[in-house]
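Student: mmCIF, C-alpha atoms, saved as start-v6.cif, coming up:
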```cif
data_my_file
#
loop_
_atom_site.label_atom_id
_atom_site.label_comp_id
_atom_site.auth_asym_id
_atom_site.auth_seq_id
_atom_site.Cartn_x
_atom_site.Cartn_y
_atom_site.Cartn_z
CA MET P 5 22.65 3.38 -12.00
CA SER P 6 19.94 2.79 -9.42
CA GLU P 7 17.95 -0.45 -9.65
CA ILE P 8 14.85 1.79 -9.55
CA GLN P 9 15.78 3.92 -12.57
CA GLY P 10 13.17 3.45 -15.29
CA LYS P 11 11.03 0.96 -13.39
CA VAL P 12 7.28 1.30 -13.85
CA VAL P 13 5.63 1.44 -10.42
CA ILE P 14 1.90 1.47 -9.70
CA ILE P 15 0.88 2.93 -6.33
CA THR P 16 -2.66 2.66 -4.97
CA GLY P 17 -3.82 5.04 -2.28
CA ALA P 18 -1.33 7.49 -3.76
CA SER P 19 -3.10 10.76 -2.95
CA SER P 20 -1.87 11.09 0.64
CA GLY P 21 0.12 9.50 3.46
CA LEU P 22 2.35 6.55 2.65
CA GLY P 23 1.39 6.52 -1.01
CA GLU P 24 2.22 10.17 -1.54
CA ALA P 25 5.52 9.93 0.36
CA THR P 26 6.48 6.82 -1.60
CA ALA P 27 5.66 8.50 -4.90
CA HIS P 28 8.01 11.39 -4.13
CA ARG P 29 10.82 9.05 -3.07
CA LEU P 30 10.50 6.79 -6.11
CA ALA P 31 10.22 9.71 -8.53
CA LYS P 32 13.51 11.10 -7.21
CA ALA P 33 15.06 7.66 -7.78
CA GLY P 34 13.98 7.67 -11.43
CA ALA P 35 10.87 5.47 -11.39
CA LYS P 36 8.01 5.96 -13.84
CA LEU P 37 4.93 6.27 -11.65
CA VAL P 38 1.31 5.32 -12.19
CA LEU P 39 -0.72 6.84 -9.38
CA GLY P 40 -4.15 5.59 -8.31
CA ALA P 41 -6.56 6.98 -5.69
CA ARG P 42 -10.10 8.31 -5.42
CA ARG P 43 -9.36 12.04 -5.00
CA GLU P 44 -8.54 13.46 -8.41
CA GLU P 45 -7.48 16.92 -7.21
CA ARG P 46 -4.88 15.37 -4.90
CA LEU P 47 -3.66 13.08 -7.69
CA GLN P 48 -3.33 15.99 -10.10
CA ALA P 49 -1.36 18.02 -7.56
CA LEU P 50 0.96 15.10 -6.84
CA ARG P 51 1.51 14.35 -10.53
CA ASP P 52 2.23 18.02 -11.25
CA ALA P 53 4.69 18.28 -8.35
CA ILE P 54 6.58 15.20 -9.54
CA VAL P 55 6.74 16.44 -13.14
CA GLU P 56 7.88 19.90 -12.04
CA GLN P 57 10.75 18.27 -10.16
CA GLY P 58 11.83 16.38 -13.28
CA GLY P 59 10.05 13.11 -12.53
CA GLU P 60 7.67 11.05 -14.63
CA ALA P 61 4.12 10.21 -13.55
CA ILE P 62 0.58 9.66 -14.74
CA TYR P 63 -2.56 9.06 -12.71
CA ARG P 64 -5.96 7.42 -12.91
CA VAL P 65 -8.81 7.94 -10.47
CA THR P 66 -9.13 4.52 -8.85
CA ASP P 67 -11.39 3.03 -6.19
CA VAL P 68 -9.71 -0.25 -5.26
CA THR P 69 -13.07 -1.79 -4.31
CA GLU P 70 -14.00 -1.66 -8.01
CA ARG P 71 -12.10 -4.37 -9.88
CA ASP P 72 -12.59 -2.76 -13.29
CA GLN P 73 -11.01 0.47 -12.05
CA VAL P 74 -7.97 -1.38 -10.72
CA GLU P 75 -7.63 -3.22 -14.03
CA ALA P 76 -7.88 0.13 -15.84
CA LEU P 77 -5.04 1.45 -13.68
CA ALA P 78 -2.85 -1.47 -14.74
CA GLU P 79 -3.82 -0.99 -18.38
CA ALA P 80 -2.89 2.69 -18.13
CA ALA P 81 0.58 1.66 -16.95
CA LYS P 82 1.05 -0.66 -19.93
CA GLU P 83 -0.30 1.86 -22.42
CA ALA P 84 1.96 4.63 -21.12
CA TYR P 85 5.12 2.69 -20.36
CA GLY P 86 4.82 -0.76 -21.94
CA ARG P 87 5.25 -2.81 -18.77
CA ILE P 88 4.58 -3.09 -15.01
CA ASP P 89 7.57 -3.68 -12.78
CA VAL P 90 6.19 -2.99 -9.31
CA LEU P 91 2.80 -2.76 -7.63
CA VAL P 92 2.60 -0.99 -4.27
CA ASN P 93 -0.71 -2.18 -2.79
CA ASN P 94 -1.07 0.70 -0.37
CA ALA P 95 -4.76 1.68 -0.17
CA GLY P 96 -6.27 0.83 3.21
CA LEU P 97 -8.76 1.82 5.90
CA MET P 98 -8.72 1.52 9.70
CA PRO P 99 -12.14 2.28 11.25
CA LEU P 100 -11.46 0.54 14.55
CA SER P 101 -14.17 -0.33 17.08
CA PRO P 102 -14.99 -3.06 19.64
CA LEU P 103 -16.78 -6.03 18.10
CA ASP P 104 -19.86 -5.54 20.27
CA GLN P 105 -20.43 -2.13 18.69
CA LEU P 106 -21.55 -4.19 15.66
CA LYS P 107 -20.30 -1.70 13.10
CA VAL P 108 -20.85 -4.26 10.36
CA ASP P 109 -20.80 -1.70 7.57
CA GLU P 110 -17.30 -0.69 8.65
CA TRP P 111 -16.24 -4.34 8.83
CA GLU P 112 -17.40 -4.84 5.25
CA GLN P 113 -15.63 -1.67 4.15
CA MET P 114 -12.35 -2.94 5.62
CA VAL P 115 -12.75 -6.31 3.93
CA ASP P 116 -13.54 -4.59 0.62
CA VAL P 117 -10.56 -2.20 0.71
CA ASN P 118 -7.93 -4.01 2.78
CA ILE P 119 -8.40 -7.52 1.38
CA LYS P 120 -10.38 -7.42 -1.86
CA GLY P 121 -8.62 -4.24 -2.98
CA VAL P 122 -5.27 -5.96 -2.52
CA LEU P 123 -6.50 -9.02 -4.40
CA TYR P 124 -7.78 -6.87 -7.27
CA GLY P 125 -4.33 -5.27 -7.49
CA ILE P 126 -2.62 -8.65 -7.59
CA ALA P 127 -5.04 -9.90 -10.26
CA ALA P 128 -4.50 -6.78 -12.37
CA VAL P 129 -0.70 -7.02 -12.54
CA LEU P 130 0.21 -10.68 -12.17
CA PRO P 131 -0.50 -11.77 -15.78
CA THR P 132 1.70 -8.96 -17.12
CA MET P 133 4.47 -9.78 -14.66
CA ARG P 134 4.34 -13.43 -15.71
CA GLU P 135 4.60 -12.43 -19.37
CA GLN P 136 7.63 -10.30 -18.52
CA HIS P 137 9.13 -13.06 -16.36
CA ALA P 138 9.72 -10.38 -13.71
CA GLY P 139 7.77 -8.31 -11.23
CA HIS P 140 7.52 -7.16 -7.63
CA ILE P 141 4.37 -6.89 -5.51
CA ILE P 142 4.62 -4.87 -2.31
CA ASN P 143 1.71 -5.16 0.11
CA LEU P 144 1.13 -2.79 3.00
CA SER P 145 0.07 -4.82 6.00
CA SER P 146 0.52 -3.49 9.57
CA VAL P 147 1.83 -4.40 12.99
CA ALA P 148 -1.85 -5.33 13.32
CA GLY P 149 -1.02 -8.18 10.96
CA HIS P 150 1.29 -9.61 13.63
CA VAL P 151 -0.57 -9.00 16.91
CA VAL P 152 -4.27 -8.60 17.75
CA PHE P 153 -5.38 -5.89 20.13
CA PRO P 154 -8.76 -4.76 21.54
CA SER P 155 -11.06 -2.75 19.26
CA ALA P 156 -9.09 -3.90 16.21
CA ALA P 157 -10.15 -7.51 15.66
CA VAL P 158 -11.54 -7.00 12.16
CA TYR P 159 -8.77 -4.64 11.08
CA CYS P 160 -6.19 -7.12 12.39
CA ALA P 161 -7.94 -9.92 10.50
CA THR P 162 -7.63 -7.97 7.25
CA LYS P 163 -3.96 -7.25 7.83
CA TYR P 164 -3.21 -10.87 8.76
CA ALA P 165 -4.83 -11.70 5.41
CA VAL P 166 -2.52 -9.29 3.61
CA LYS P 167 0.48 -10.91 5.27
CA ALA P 168 -0.76 -14.35 4.17
CA LEU P 169 -1.25 -13.14 0.61
CA SER P 170 2.28 -11.74 0.56
CA GLU P 171 3.67 -15.09 1.63
CA GLY P 172 1.53 -16.86 -0.97
CA ILE P 173 2.94 -14.63 -3.70
CA ARG P 174 6.45 -15.40 -2.47
CA GLN P 175 5.89 -19.15 -2.57
CA GLU P 176 4.18 -19.14 -5.97
CA GLY P 177 6.36 -16.47 -7.56
CA GLY P 178 9.36 -18.70 -8.11
CA GLU P 179 12.35 -16.92 -9.58
CA GLU P 180 10.22 -14.33 -11.38
CA ILE P 181 7.95 -12.53 -8.91
CA ARG P 182 9.26 -10.86 -5.79
CA SER P 183 7.01 -10.27 -2.78
CA THR P 184 7.44 -7.78 0.06
CA ASN P 185 5.15 -7.41 3.08
CA ILE P 186 5.61 -4.10 4.87
CA SER P 187 4.05 -3.66 8.30
CA PRO P 188 3.99 -0.07 9.60
CA GLY P 189 3.31 0.81 13.20
CA ALA P 190 2.06 4.25 14.20
CA VAL P 191 2.68 6.52 11.23
CA ALA P 192 1.40 10.07 10.79
CA THR P 193 -1.21 9.67 8.03
CA GLU P 194 -4.97 10.04 7.57
CA LEU P 195 -5.52 6.42 8.60
CA THR P 196 -6.93 7.26 12.04
CA SER P 197 -9.48 9.70 10.62
CA THR P 198 -11.92 6.89 9.76
CA ILE P 199 -12.43 5.79 13.39
CA SER P 200 -16.04 6.58 14.29
CA ASP P 201 -16.06 5.09 17.82
CA ASP P 202 -15.15 7.97 20.15
CA GLU P 203 -13.53 5.89 22.90
CA THR P 204 -11.42 3.95 20.43
CA ALA P 205 -10.42 7.13 18.61
CA LYS P 206 -9.24 8.68 21.88
CA GLY P 207 -6.98 5.72 22.68
CA VAL P 208 -5.57 5.53 19.17
CA ASN P 209 -4.88 9.27 19.04
CA GLU P 210 -2.93 8.96 22.28
CA LEU P 211 -0.85 6.15 20.77
CA TYR P 212 -0.28 8.15 17.60
CA GLU P 213 1.30 11.01 19.52
CA MET P 214 4.51 9.02 18.99
CA ALA P 215 3.84 8.48 15.26
CA ILE P 216 6.75 8.59 12.85
CA ASP P 217 6.70 10.34 9.48
CA ALA P 218 5.31 8.61 6.39
CA ASP P 219 8.69 9.01 4.72
CA ALA P 220 10.05 6.30 7.04
CA ILE P 221 7.84 3.79 5.23
CA ALA P 222 8.63 5.29 1.84
CA ARG P 223 12.33 4.71 2.50
CA ALA P 224 11.62 1.07 3.34
CA ILE P 225 9.70 0.61 0.10
CA VAL P 226 12.56 2.15 -1.85
CA TYR P 227 14.98 -0.19 -0.09
CA ALA P 228 12.96 -3.26 -1.10
CA ILE P 229 12.65 -2.18 -4.73
CA GLU P 230 16.27 -1.17 -5.20
CA GLN P 231 17.64 -4.63 -4.37
CA PRO P 232 19.00 -6.60 -7.34
CA ALA P 233 16.68 -9.14 -8.94
CA ASP P 234 18.13 -12.10 -7.04
CA VAL P 235 17.35 -10.49 -3.65
CA ASP P 236 13.79 -10.54 -2.30
CA VAL P 237 13.10 -8.51 0.84
CA ASN P 238 10.10 -10.41 2.14
CA GLU P 239 9.18 -8.79 5.45
CA LEU P 240 9.75 -5.40 7.05
CA ILE P 241 8.20 -4.10 10.29
CA ILE P 242 8.71 -0.37 10.83
CA ARG P 243 7.38 1.43 13.90
CA PRO P 244 8.34 4.15 16.37
CA THR P 245 11.18 3.05 18.62
CA LYS P 246 9.01 3.55 21.71
CA GLN P 247 5.82 1.93 20.36
CA PRO P 248 4.81 -0.88 22.75
CA LEU P 249 2.62 -2.91 20.36
#
```
Show me, as structure tokens, the structure contained in the file I just sent.

Tutor:
Amino acid sequence: MSEIQGKVVIITGASSGLGEATAHRLAKAGAKLVLGARREERLQALRDAIVEQGGEAIYRVTDVTERDQVEALAEAAKEAYGRIDVLVNNAGLMPLSPLDQLKVDEWEQMVDVNIKGVLYGIAAVLPTMREQHAGHIINLSSVAGHVVFPSAAVYCATKYAVKALSEGIRQEGGEEIRSTNISPGAVATELTSTISDDETAKGVNELYEMAIDADAIARAIVYAIEQPADVDVNELIIRPTKQPL
């Protein structure tokens, strides 16, 4: 039997991209899914597709910048399935721009989603995982959490923060809580659609011509989860073979 069979997995940002691909992969492996995102129609369609294929899933409309909504997502998991085995902290934004463009509203949005949203997820599941004496938190960082590049200083800062949080969970988790930091490179998702600076968007779109499919990251997430309890996959960087950064 797969190590994933029957595990209760919460996924934020589940309505598209990495979250959607991961949901399909985990459902096929027998996980019980709790899907969170802002777009209800997309969540409904994903839930229905999983159920039609014999999988098990529920959803809750969730804005990760609202702590009470993230807590409600975790409560929904416990009410439906009695426990929380895995959190996939996937929701994120990437509105890149040079610092001197002073797009402070976008900076704050990235901090709210990419850092505070991750923290709200951790806070929502950690008490339950401690009570269970088992749990696994998977955070989606980025190659931008390993190297800083022009027009991405704030985004990189948020992803470095995610990497630090993942390591903090690992150190504090002891024998009970596993921590995985996954850092994608250029992946074909909606992530680039939030870039409002035209020059930056042009450069990023050129880079993303080499983007790999979101399923590549989903497979990595499945790999981390399916390891036995005494194995903790702490760090994975997945990018196109020819990506220079």

Student: Find the residue from P:Ala31, P:Leu169, P:Val90, P:Val117 that sits nearest to Glu70 in chain P; use all atoms listed in the file when measuring.

Tutor: P:Val117

Student: For the PyMOL selection byres ((chain P and resi 236) around 7), applied here, can you spell out every residue it catches as a ChimeraX atom specification?

Tutor: /P:182-183,234-235,237-238

Student: In Å, how far is it from CA of Leu77 in chain P to CA of Ile62 in chain P?

Tutor: 10.0 Å

Student: With distances taken over all atoms listed in the file, which of P:Val208, P:Ala18, P:Ile8, P:Ala25 is nearest to Leu39 in chain P?

Tutor: P:Ala18

Student: Running the PyMOL selection byres ((chain P and resi 41-52) around 7) on this model by hand, what would come out? Give it as JSON, numbers by chain.

Tutor: {"P": [16, 17, 18, 19, 39, 40, 53, 54, 55, 56, 61, 62, 63, 65, 66, 67]}

Student: Can you list, as a VMD selection string, the residues that the PyMOL selection byres ((chain P and resi 132) around 12) selects here?

Tutor: chain P and resid 75 78 to 79 81 to 82 86 to 91 125 to 131 133 to 140 180 to 181

Student: Could you tell me how far CA of Ser145 in chain P lies from CA of Asn185 in chain P, in Å and to one decimal?

Tutor: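 Distance between the two atoms: 6.4 Å.
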
Student: Give me, please, the distance in Å between CA of Pro248 in chain P and CA of Leu211 in chain P, quoted to one decimal.

Tutor: 9.2 Å
